[in-house]
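What follows is a set of notes on a single structure, which appears directly below.
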Amino acid sequence: MDLNRKNYYSNEADWQYMSVSQFKDFMKCEAATLAKLKEEWKPNSDDTALIVGNYVHTYFESELAHEEYIDENRQVILKKDGTERAAFVQAIDMIEALEYDDFFNFVYQGEKEVILTGDLFGTEWKARIDCFNYDKGYFVDLKTTRSLSQRYWSERYGGYVSFAEEYGYIMQMYVYKQLLEKKFNKEVTPYIFAVTKESPPDISAIQIHPARYDFEHYTIEEKLPHILRVKMGEDAPTACGKCEYCRKNKRLSGFIEIEDLLNT
Ligand SMILES: [Zn+2]
C-alpha cells in the first residue's frame, strides 16, 4: 500500500504500518488501541483540538491545502454566519504569532507534509513530516500546546516533564530522524516550533539534545515486539483500567485500598 494525503490516516494504513501515534496509543492502553484498530470502538473525544492543530498546519503547508481543509471541516470551524468559532479565532492568533516571526520564516523552509515509510526495529513505519529541508539537513515539526512551561507527571520518565516528553514528541522526532536518515543517507536534525493556545500565544523554537534519543530508542526496542504481537493477535492486550475504553467496560470485582487509587 502506497501512502498519500488521502489514505495516510486510514484504518488500512494503520494496520499495515506502525506509527509513533499508534505506538504511543499502545503504550497508553493496548486494549483500547486494539479495539480502535479493529473498528470495534471509537473514542468519544472532542475533535476540536485536533482540528485546530490541522488548521494551523495546513495554513503553513499551502493556501490550497488550508482552503480545502476549511471546506472539509466547515461545520466545526465556522459559525452559521460564516465567521470563525472561538477556537479558530484563537487558531488565527496562533498562525499570526508564527507568521510574523522572522526566525520562524527563516527556518520553516523546505518540502511540506512529506509522507515517508521505512523499516525501523524490524517493522514498517509511516511518518508525515511538516517541513523537510533536504539541503540543510533538518526537519521541522509544528506543535500546538497549552503552555510551554506546564509540568506533567510522567511515570515513564519518572518525574515531572514538559509537554514535549508528555506527548511523546521526543520519540516522534527520534523516529522521523531515523527514517529520514536511512532514506536520504545523511544526518538530519529535528526542530520543533511550538505555539501555545494562550492569549496572546507564546512561541518557541526548540532543539533536542541528542542524548535524549537513547531513552526513546530503548523504550521502542523494549516495547515494540510485544506491541506487534498484540496487533497480530498473538499476545492478549492489557487493559490500562483507566482510559475511556476501560471505564466503559469496567466491572467491579471487590474492594481496593486507598493506597491503590494512586498506584493503579
Ligand atoms: Zn484503557
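Lettering and numbering for the C-alpha cells are positional, with chains as A, B, ... in the shown order, residues counted from 1 in each chain, and ligands counted from 1 in the shown order.
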Could I get the residues of chain A with an atom no further than 12 Å from an atom of ligand 1, each paired with its nearest atom pair and that distance in Å to one decimal, using only C-alpha atoms and all ligand atoms, sorted by chain and residue number, as CSV?
residue,atom,partner,partner_atom_place_in_ligand_line,distance
A:Asp25,CA,ligand 1,1 (Zn),9.7
A:Phe26,CA,ligand 1,1 (Zn),9.5
A:Met27,CA,ligand 1,1 (Zn),10.0
A:Lys28,CA,ligand 1,1 (Zn),7.1
A:Cys29,CA,ligand 1,1 (Zn),4.5
A:Glu30,CA,ligand 1,1 (Zn),7.0
A:Ala31,CA,ligand 1,1 (Zn),6.1
A:Ala32,CA,ligand 1,1 (Zn),5.4
A:Thr33,CA,ligand 1,1 (Zn),8.3
A:Leu34,CA,ligand 1,1 (Zn),10.4
A:Ala35,CA,ligand 1,1 (Zn),10.3
A:Lys36,CA,ligand 1,1 (Zn),11.3
A:Trp41,CA,ligand 1,1 (Zn),12.0
A:Pro43,CA,ligand 1,1 (Zn),11.1
A:Pro237,CA,ligand 1,1 (Zn),10.0
A:Thr238,CA,ligand 1,1 (Zn),8.1
A:Ala239,CA,ligand 1,1 (Zn),4.8
A:Cys240,CA,ligand 1,1 (Zn),3.9
A:Gly241,CA,ligand 1,1 (Zn),4.9
A:Lys242,CA,ligand 1,1 (Zn),5.2
A:Cys243,CA,ligand 1,1 (Zn),4.1
A:Glu244,CA,ligand 1,1 (Zn),6.5
A:Tyr245,CA,ligand 1,1 (Zn),5.4
A:Cys246,CA,ligand 1,1 (Zn),4.3
A:Arg247,CA,ligand 1,1 (Zn),7.3
A:Lys248,CA,ligand 1,1 (Zn),9.3
A:Asn249,CA,ligand 1,1 (Zn),9.3
A:Lys250,CA,ligand 1,1 (Zn),9.8
A:Thr264,CA,ligand 1,1 (Zn),11.5
Mind writing the picked residues with N, CA and C atoms as a PDB file, in the first residue's frame?
ATOM      1  N   ASP A  25      -0.251   5.167  21.563  1.00  0.00           N
ATOM      2  CA  ASP A  25      -1.568   4.662  21.977  1.00  0.00           C
ATOM      3  C   ASP A  25      -1.445   3.284  22.622  1.00  0.00           C
ATOM      4  N   PHE A  26      -0.649   2.404  22.015  1.00  0.00           N
ATOM      5  CA  PHE A  26      -0.454   1.066  22.578  1.00  0.00           C
ATOM      6  C   PHE A  26       0.203   1.150  23.958  1.00  0.00           C
ATOM      7  N   MET A  27       1.133   2.089  24.122  1.00  0.00           N
ATOM      8  CA  MET A  27       1.781   2.233  25.438  1.00  0.00           C
ATOM      9  C   MET A  27       0.770   2.685  26.483  1.00  0.00           C
ATOM     10  N   LYS A  28      -0.176   3.529  26.054  1.00  0.00           N
ATOM     11  CA  LYS A  28      -1.192   4.025  26.989  1.00  0.00           C
ATOM     12  C   LYS A  28      -2.164   2.928  27.355  1.00  0.00           C
ATOM     13  N   CYS A  29      -2.755   2.264  26.361  1.00  0.00           N
ATOM     14  CA  CYS A  29      -3.708   1.184  26.633  1.00  0.00           C
ATOM     15  C   CYS A  29      -3.805   0.263  25.421  1.00  0.00           C
ATOM     16  N   GLU A  30      -3.317  -0.976  25.607  1.00  0.00           N
ATOM     17  CA  GLU A  30      -3.315  -1.926  24.491  1.00  0.00           C
ATOM     18  C   GLU A  30      -4.734  -2.312  24.093  1.00  0.00           C
ATOM     19  N   ALA A  31      -5.583  -2.515  25.102  1.00  0.00           N
ATOM     20  CA  ALA A  31      -6.950  -2.972  24.819  1.00  0.00           C
ATOM     21  C   ALA A  31      -7.704  -1.921  23.999  1.00  0.00           C
ATOM     22  N   ALA A  32      -7.588  -0.662  24.403  1.00  0.00           N
ATOM     23  CA  ALA A  32      -8.298   0.409  23.702  1.00  0.00           C
ATOM     24  C   ALA A  32      -7.762   0.576  22.280  1.00  0.00           C
ATOM     25  N   THR A  33      -6.436   0.516  22.126  1.00  0.00           N
ATOM     26  CA  THR A  33      -5.826   0.724  20.811  1.00  0.00           C
ATOM     27  C   THR A  33      -6.211  -0.389  19.847  1.00  0.00           C
ATOM     28  N   LEU A  34      -6.211  -1.635  20.343  1.00  0.00           N
ATOM     29  CA  LEU A  34      -6.601  -2.764  19.500  1.00  0.00           C
ATOM     30  C   LEU A  34      -8.075  -2.667  19.097  1.00  0.00           C
ATOM     31  N   ALA A  35      -8.911  -2.286  20.051  1.00  0.00           N
ATOM     32  CA  ALA A  35     -10.350  -2.142  19.757  1.00  0.00           C
ATOM     33  C   ALA A  35     -10.573  -1.051  18.709  1.00  0.00           C
ATOM     34  N   LYS A  36      -9.775   0.007  18.800  1.00  0.00           N
ATOM     35  CA  LYS A  36      -9.877   1.105  17.827  1.00  0.00           C
ATOM     36  C   LYS A  36      -9.418   0.627  16.447  1.00  0.00           C
ATOM     37  N   TRP A  41     -14.505   0.023  18.420  1.00  0.00           N
ATOM     38  CA  TRP A  41     -14.735   1.117  19.361  1.00  0.00           C
ATOM     39  C   TRP A  41     -14.096   2.388  18.829  1.00  0.00           C
ATOM     40  N   PRO A  43     -13.107   6.411  20.119  1.00  0.00           N
ATOM     41  CA  PRO A  43     -13.114   7.334  21.261  1.00  0.00           C
ATOM     42  C   PRO A  43     -14.148   8.434  21.038  1.00  0.00           C
ATOM     43  N   PRO A 237      -4.103  -8.381  24.685  1.00  0.00           N
ATOM     44  CA  PRO A 237      -3.877  -6.979  25.062  1.00  0.00           C
ATOM     45  C   PRO A 237      -4.108  -6.759  26.552  1.00  0.00           C
ATOM     46  N   THR A 238      -3.325  -5.872  27.147  1.00  0.00           N
ATOM     47  CA  THR A 238      -3.506  -5.492  28.545  1.00  0.00           C
ATOM     48  C   THR A 238      -4.394  -4.246  28.594  1.00  0.00           C
ATOM     49  N   ALA A 239      -5.327  -4.244  29.520  1.00  0.00           N
ATOM     50  CA  ALA A 239      -6.187  -3.070  29.684  1.00  0.00           C
ATOM     51  C   ALA A 239      -5.595  -2.170  30.761  1.00  0.00           C
ATOM     52  N   CYS A 240      -5.562  -0.855  30.481  1.00  0.00           N
ATOM     53  CA  CYS A 240      -4.966   0.065  31.459  1.00  0.00           C
ATOM     54  C   CYS A 240      -5.887   0.262  32.665  1.00  0.00           C
ATOM     55  N   GLY A 241      -7.180   0.049  32.459  1.00  0.00           N
ATOM     56  CA  GLY A 241      -8.132   0.174  33.563  1.00  0.00           C
ATOM     57  C   GLY A 241      -8.575   1.593  33.866  1.00  0.00           C
ATOM     58  N   LYS A 242      -8.058   2.586  33.129  1.00  0.00           N
ATOM     59  CA  LYS A 242      -8.352   3.975  33.471  1.00  0.00           C
ATOM     60  C   LYS A 242      -8.919   4.788  32.312  1.00  0.00           C
ATOM     61  N   CYS A 243      -8.625   4.383  31.089  1.00  0.00           N
ATOM     62  CA  CYS A 243      -8.970   5.233  29.945  1.00  0.00           C
ATOM     63  C   CYS A 243     -10.467   5.145  29.624  1.00  0.00           C
ATOM     64  N   GLU A 244     -10.856   5.931  28.644  1.00  0.00           N
ATOM     65  CA  GLU A 244     -12.266   5.987  28.227  1.00  0.00           C
ATOM     66  C   GLU A 244     -12.810   4.584  27.903  1.00  0.00           C
ATOM     67  N   TYR A 245     -12.045   3.823  27.147  1.00  0.00           N
ATOM     68  CA  TYR A 245     -12.459   2.479  26.753  1.00  0.00           C
ATOM     69  C   TYR A 245     -12.593   1.566  27.968  1.00  0.00           C
ATOM     70  N   CYS A 246     -11.593   1.610  28.839  1.00  0.00           N
ATOM     71  CA  CYS A 246     -11.601   0.732  30.015  1.00  0.00           C
ATOM     72  C   CYS A 246     -12.718   1.113  30.992  1.00  0.00           C
ATOM     73  N   ARG A 247     -12.942   2.391  31.178  1.00  0.00           N
ATOM     74  CA  ARG A 247     -14.007   2.826  32.092  1.00  0.00           C
ATOM     75  C   ARG A 247     -15.366   2.337  31.614  1.00  0.00           C
ATOM     76  N   LYS A 248     -15.514   2.338  30.302  1.00  0.00           N
ATOM     77  CA  LYS A 248     -16.778   1.909  29.715  1.00  0.00           C
ATOM     78  C   LYS A 248     -17.029   0.421  29.964  1.00  0.00           C
ATOM     79  N   ASN A 249     -15.957  -0.364  30.016  1.00  0.00           N
ATOM     80  CA  ASN A 249     -16.097  -1.816  30.166  1.00  0.00           C
ATOM     81  C   ASN A 249     -15.821  -2.270  31.591  1.00  0.00           C
ATOM     82  N   LYS A 250     -15.813  -1.326  32.534  1.00  0.00           N
ATOM     83  CA  LYS A 250     -15.391  -1.674  33.886  1.00  0.00           C
ATOM     84  C   LYS A 250     -16.482  -2.372  34.682  1.00  0.00           C
ATOM     85  N   THR A 264      -2.583   2.395  40.673  1.00  0.00           N
ATOM     86  CA  THR A 264      -3.045   1.590  39.536  1.00  0.00           C
ATOM     87  C   THR A 264      -2.836   2.323  38.227  1.00  0.00           C
TER      88      THR A 264
END
Please return, as JSON, numbers by chain, all residues of segment 7-134 of chain A that DSSP assigns to alpha helix (DSSP H) on the basis of the backbone. {"A": [11, 12, 13, 14, 15, 16, 20, 21, 22, 23, 24, 25, 26, 27, 28, 30, 31, 32, 33, 34, 35, 36, 37, 48, 49, 50, 51, 52, 53, 54, 55, 56, 57, 58, 59, 60, 61, 63, 64, 65, 66, 67, 68, 69, 70, 71, 72, 74, 75, 76, 77, 86, 87, 88, 89, 90, 91, 92, 93, 94, 95, 96, 97, 98, 99, 102, 103, 104, 105, 106, 107]}
Write out as a PyMOL selection string which residues come within 9 Å of Tyr134 of chain A when counting only C-alpha atoms, dropping same-chain ones fewer than 4 positions away. chain A and resi 110-111+138-139+184+188
Resulting file, chosen residues, C-alpha atoms, as a short mmCIF file (atom, residue, chain, number, x, y, z; two decimals), in the first residue's frame:
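File produced: selection23.cif:
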data_model
loop_
_atom_site.label_atom_id
_atom_site.label_comp_id
_atom_site.auth_asym_id
_atom_site.auth_seq_id
_atom_site.Cartn_x
_atom_site.Cartn_y
_atom_site.Cartn_z
CA GLY A 110 11.53 23.13 2.64
CA GLU A 111 9.16 20.50 1.37
CA TYR A 138 16.85 19.38 9.08
CA PHE A 139 13.13 18.98 9.51
CA PHE A 184 18.45 10.00 2.37
CA VAL A 188 19.09 15.13 9.74
#
From a backbone DSSP assignment, name each residue in segment 13-251 of chain A labelled strand (DSSP E), as an NGL selection string. :A and (111-120 or 123-133 or 138-145 or 152-154 or 159-161 or 189-196 or 203-207)
Quick check, in Å to one decimal: how far apart do atom CA of Asp141 of chain A and atom CA of Tyr157 of chain A lie? 22.2 Å
Can you pull out every residue within 9 Å of segment 85-100 of chain A, counting only C-alpha atoms, but drop anything in the same chain fewer than 6 positions away, and send it as a list in words?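 The residues satisfying every condition are Thr48, Ala49, Val52, Gly53, Tyr55, Val56, His57, Tyr59, Phe60, Val76, Ile77, Leu78, Lys79, Thr144, Phe193, Val195, Thr196, Lys197, Glu198, Ser199, Pro200, Pro201, Asp202 and Ile203 of chain A.
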Those residues with N, CA, C and O atoms, as a compact mmCIF listing (two decimals), in the first residue's frame please?
# COMPACT_ATOMS: atom_id res chain seq x y z
N THR A 48 -12.06 19.00 18.48
CA THR A 48 -11.72 20.41 18.22
C THR A 48 -10.21 20.65 18.29
O THR A 48 -9.65 21.31 17.39
N ALA A 49 -9.55 20.09 19.31
CA ALA A 49 -8.10 20.32 19.47
C ALA A 49 -7.35 19.81 18.24
O ALA A 49 -6.43 20.48 17.74
N VAL A 52 -8.05 22.17 15.32
CA VAL A 52 -7.28 23.41 15.48
C VAL A 52 -5.82 23.17 15.04
O VAL A 52 -5.25 23.96 14.28
N GLY A 53 -5.26 22.05 15.47
CA GLY A 53 -3.89 21.71 15.10
C GLY A 53 -3.73 21.61 13.59
O GLY A 53 -2.79 22.18 13.02
N TYR A 55 -5.68 22.87 11.33
CA TYR A 55 -5.98 24.18 10.76
C TYR A 55 -4.69 25.01 10.68
O TYR A 55 -4.37 25.61 9.65
N VAL A 56 -3.93 25.00 11.78
CA VAL A 56 -2.65 25.72 11.82
C VAL A 56 -1.65 25.09 10.84
O VAL A 56 -0.99 25.78 10.06
N HIS A 57 -1.59 23.76 10.85
CA HIS A 57 -0.65 23.05 9.97
C HIS A 57 -0.89 23.34 8.49
O HIS A 57 0.03 23.63 7.74
N TYR A 59 -2.32 25.78 7.12
CA TYR A 59 -2.03 27.15 6.75
C TYR A 59 -0.58 27.28 6.28
O TYR A 59 -0.30 27.96 5.29
N PHE A 60 0.32 26.63 6.99
CA PHE A 60 1.74 26.73 6.65
C PHE A 60 2.15 25.74 5.56
O PHE A 60 3.27 25.77 5.08
N VAL A 76 -17.31 22.56 11.75
CA VAL A 76 -16.61 22.69 13.02
C VAL A 76 -15.95 24.07 13.13
O VAL A 76 -15.92 24.67 14.21
N ILE A 77 -15.44 24.57 12.02
CA ILE A 77 -14.63 25.79 12.04
C ILE A 77 -15.49 27.06 12.04
O ILE A 77 -15.20 28.01 12.77
N LEU A 78 -16.54 27.05 11.23
CA LEU A 78 -17.31 28.28 11.02
C LEU A 78 -18.69 28.24 11.67
O LEU A 78 -19.33 27.19 11.74
N LYS A 79 -19.11 29.40 12.13
CA LYS A 79 -20.48 29.54 12.62
C LYS A 79 -21.41 29.72 11.42
O LYS A 79 -20.95 29.86 10.29
N THR A 144 1.10 22.57 18.49
CA THR A 144 0.25 23.47 19.26
C THR A 144 0.10 22.86 20.65
O THR A 144 -0.07 21.66 20.79
N PHE A 193 8.80 23.79 16.38
CA PHE A 193 8.26 25.13 16.64
C PHE A 193 6.94 24.94 17.36
O PHE A 193 6.03 24.32 16.83
N VAL A 195 3.64 26.58 19.42
CA VAL A 195 2.82 27.78 19.60
C VAL A 195 1.70 27.43 20.57
O VAL A 195 1.10 26.36 20.47
N THR A 196 1.47 28.30 21.55
CA THR A 196 0.52 27.95 22.60
C THR A 196 -0.88 28.50 22.33
O THR A 196 -1.06 29.43 21.55
N LYS A 197 -1.83 27.88 23.03
CA LYS A 197 -3.22 28.31 22.90
C LYS A 197 -3.55 29.44 23.87
O LYS A 197 -4.70 29.75 24.10
N GLU A 198 -2.52 30.06 24.42
CA GLU A 198 -2.74 31.19 25.32
C GLU A 198 -3.08 32.45 24.50
O GLU A 198 -2.86 32.48 23.29
N SER A 199 -3.56 33.46 25.20
CA SER A 199 -3.86 34.70 24.52
C SER A 199 -3.08 35.86 25.16
O SER A 199 -3.32 36.17 26.32
N PRO A 200 -2.15 36.48 24.46
CA PRO A 200 -1.67 36.11 23.12
C PRO A 200 -0.84 34.83 23.16
O PRO A 200 -0.29 34.50 24.22
N PRO A 201 -0.70 34.14 22.04
CA PRO A 201 0.05 32.88 22.02
C PRO A 201 1.53 33.10 22.31
O PRO A 201 2.08 34.13 21.93
N ASP A 202 2.12 32.13 22.96
CA ASP A 202 3.57 32.11 23.16
C ASP A 202 4.16 31.25 22.04
O ASP A 202 3.49 30.33 21.56
N ILE A 203 5.37 31.55 21.63
CA ILE A 203 6.02 30.72 20.61
C ILE A 203 7.42 30.34 21.06
O ILE A 203 8.02 31.03 21.88
